[in-house]
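**Q** Could you have a look at this structure, given as structure tokens, before my questions?
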Amino acid sequence: MILPGCSSPKTFEVSELCGTKVDPALVAPFLPEGKELKVDDSLTEAGQPRCKVYVDGTLHLYLRETSWSPTSTR
């Protein structure tokens with residue numbers, strides 16, 4: 001997903017990452033103002049969503065969800 005902005009930097013509000021709804025207020029501190037926001041979820045595998053978030057071509061956030069059951073061992 002690419003969200004181009006206008007010619008001046010803007011603040012991005014993200015409400016979904018890696019196919020999961022997120023609280024925009026929790027994501028905002030990790031994303032600087034910029035012209036373009038890109039979310040790359042090409043690393044996602046079944047049961048393990050992953051995505052990288054870029055602002056103006058620079059990586060600012062990498063998310064990976066890992067699930068396990070309380071009875072599993074690590």
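Residue numbers start at 1 in each chain; chains themselves are named A, B, ... in the order of the structure tokens; ligands are numbered from 1 in the order shown.
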If we count only C-alpha atoms, what is near region 55-61 of chain A at a cut-off of 6 Å, once residues fewer than 2 positions away on the same chain are taken out, given as a list of chain:residue names?
**A**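 So, after excluding close chain neighbours, the residues are A:Glu36, A:Leu37, A:Lys52, A:Val53.
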**Q** Show which residues sit within 7 Å of Pro9 (chain A), as a PyMOL selection string. Count only C-alpha atoms, and ignore same-chain residues fewer than 3 positions away.
**A** chain A and resi 33-35
**Q** Using the selection just defined, write its residues with all heavy atoms as a tab-separated table (two decimals), in the first residue's frame.
**A**
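Everything below was put into part01.tsv:
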```
chain	number	residue	atom	x	y	z
A	33	GLU	N	6.77	12.82	9.96
A	33	GLU	CA	6.04	13.45	8.86
A	33	GLU	C	6.79	13.16	7.57
A	33	GLU	O	8.01	12.97	7.58
A	33	GLU	CB	5.96	14.96	9.07
A	33	GLU	CG	5.05	15.36	10.19
A	33	GLU	CD	4.90	16.86	10.29
A	33	GLU	OE1	5.70	17.61	9.69
A	33	GLU	OE2	3.97	17.31	10.97
A	34	GLY	N	6.05	13.10	6.48
A	34	GLY	CA	6.69	12.82	5.21
A	34	GLY	C	5.74	13.03	4.05
A	34	GLY	O	4.59	13.44	4.24
A	35	LYS	N	6.21	12.70	2.86
A	35	LYS	CA	5.41	12.86	1.66
A	35	LYS	C	4.75	11.56	1.23
A	35	LYS	O	3.70	11.57	0.61
A	35	LYS	CB	6.27	13.40	0.53
A	35	LYS	CG	6.79	14.80	0.78
A	35	LYS	CD	7.62	15.29	-0.37
A	35	LYS	CE	8.16	16.68	-0.07
A	35	LYS	NZ	9.01	17.15	-1.15
```
**Q** As a JSON list (two decimals) with C-alpha atoms, in the first residue's frame, list the residues of region 10-45 of chain A assigned to alpha helix (DSSP H) by DSSP on the backbone atoms of this structure.
**A**
```json
[["chain", "number", "residue", "atom", "x", "y", "z"],
["A", 24, "PRO", "CA", -3.27, 5.07, 15.32],
["A", 25, "ALA", "CA", -2.11, 6.82, 18.51],
["A", 26, "LEU", "CA", 0.24, 3.91, 19.28],
["A", 27, "VAL", "CA", 1.75, 3.87, 15.78]]
```
**Q** If we count only C-alpha atoms and set the cut-off at 8 Å, which residues sit around region 47-51 of chain A, ignoring sequence neighbours fewer than 4 positions away in its own chain? Please answer as a list in words.
**A**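 After dropping sequence-adjacent residues, the list is Leu17, Cys18, Gly19, Val39, Asp40, Asp41, Ser42, Leu43, Tyr62, Leu63, Arg64, Glu65, Thr66 and Ser67 of chain A.
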**Q** Export C-alpha atoms of the chosen residues as a compact mmCIF listing (two decimals), in the first residue's frame?
**A**
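Below is the file again.txt, written as the result:
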```txt
# COMPACT_ATOMS: atom_id res chain seq x y z
CA LEU A 17 -0.98 -2.95 9.63
CA CYS A 18 -0.26 -6.49 8.44
CA GLY A 19 -4.01 -7.06 8.10
CA VAL A 39 3.53 -0.57 3.84
CA ASP A 40 5.27 -3.69 2.51
CA ASP A 41 3.57 -6.89 3.65
CA SER A 42 5.35 -9.18 1.16
CA LEU A 43 7.09 -10.97 4.05
CA TYR A 62 8.94 -3.42 11.26
CA LEU A 63 6.12 -5.52 12.68
CA ARG A 64 5.99 -9.25 13.17
CA GLU A 65 3.25 -11.17 14.96
CA THR A 66 4.21 -14.42 16.62
CA SER A 67 1.59 -16.61 18.25
```
**Q** Would you give me, as JSON, numbers by chain, the residues in region 37-67 of chain A that DSSP reads as strand (DSSP E)?
**A** {"A": [37, 38, 39, 40, 50, 51, 52, 53, 54, 55, 58, 59, 60, 61, 62, 63, 64]}
**Q** Give me, please, the distance in Å between CA of Leu31 (chain A) and CA of Glu13 (chain A), quoted to one decimal.
**A**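 Interatomic distance here is 9.0 Å.
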**Q** When you draw a straight line from CA of Tyr54 (chain A) to CA of Glu16 (chain A), how long is it in Å?
**A**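 Between these atoms lies a distance of 14.4 Å.
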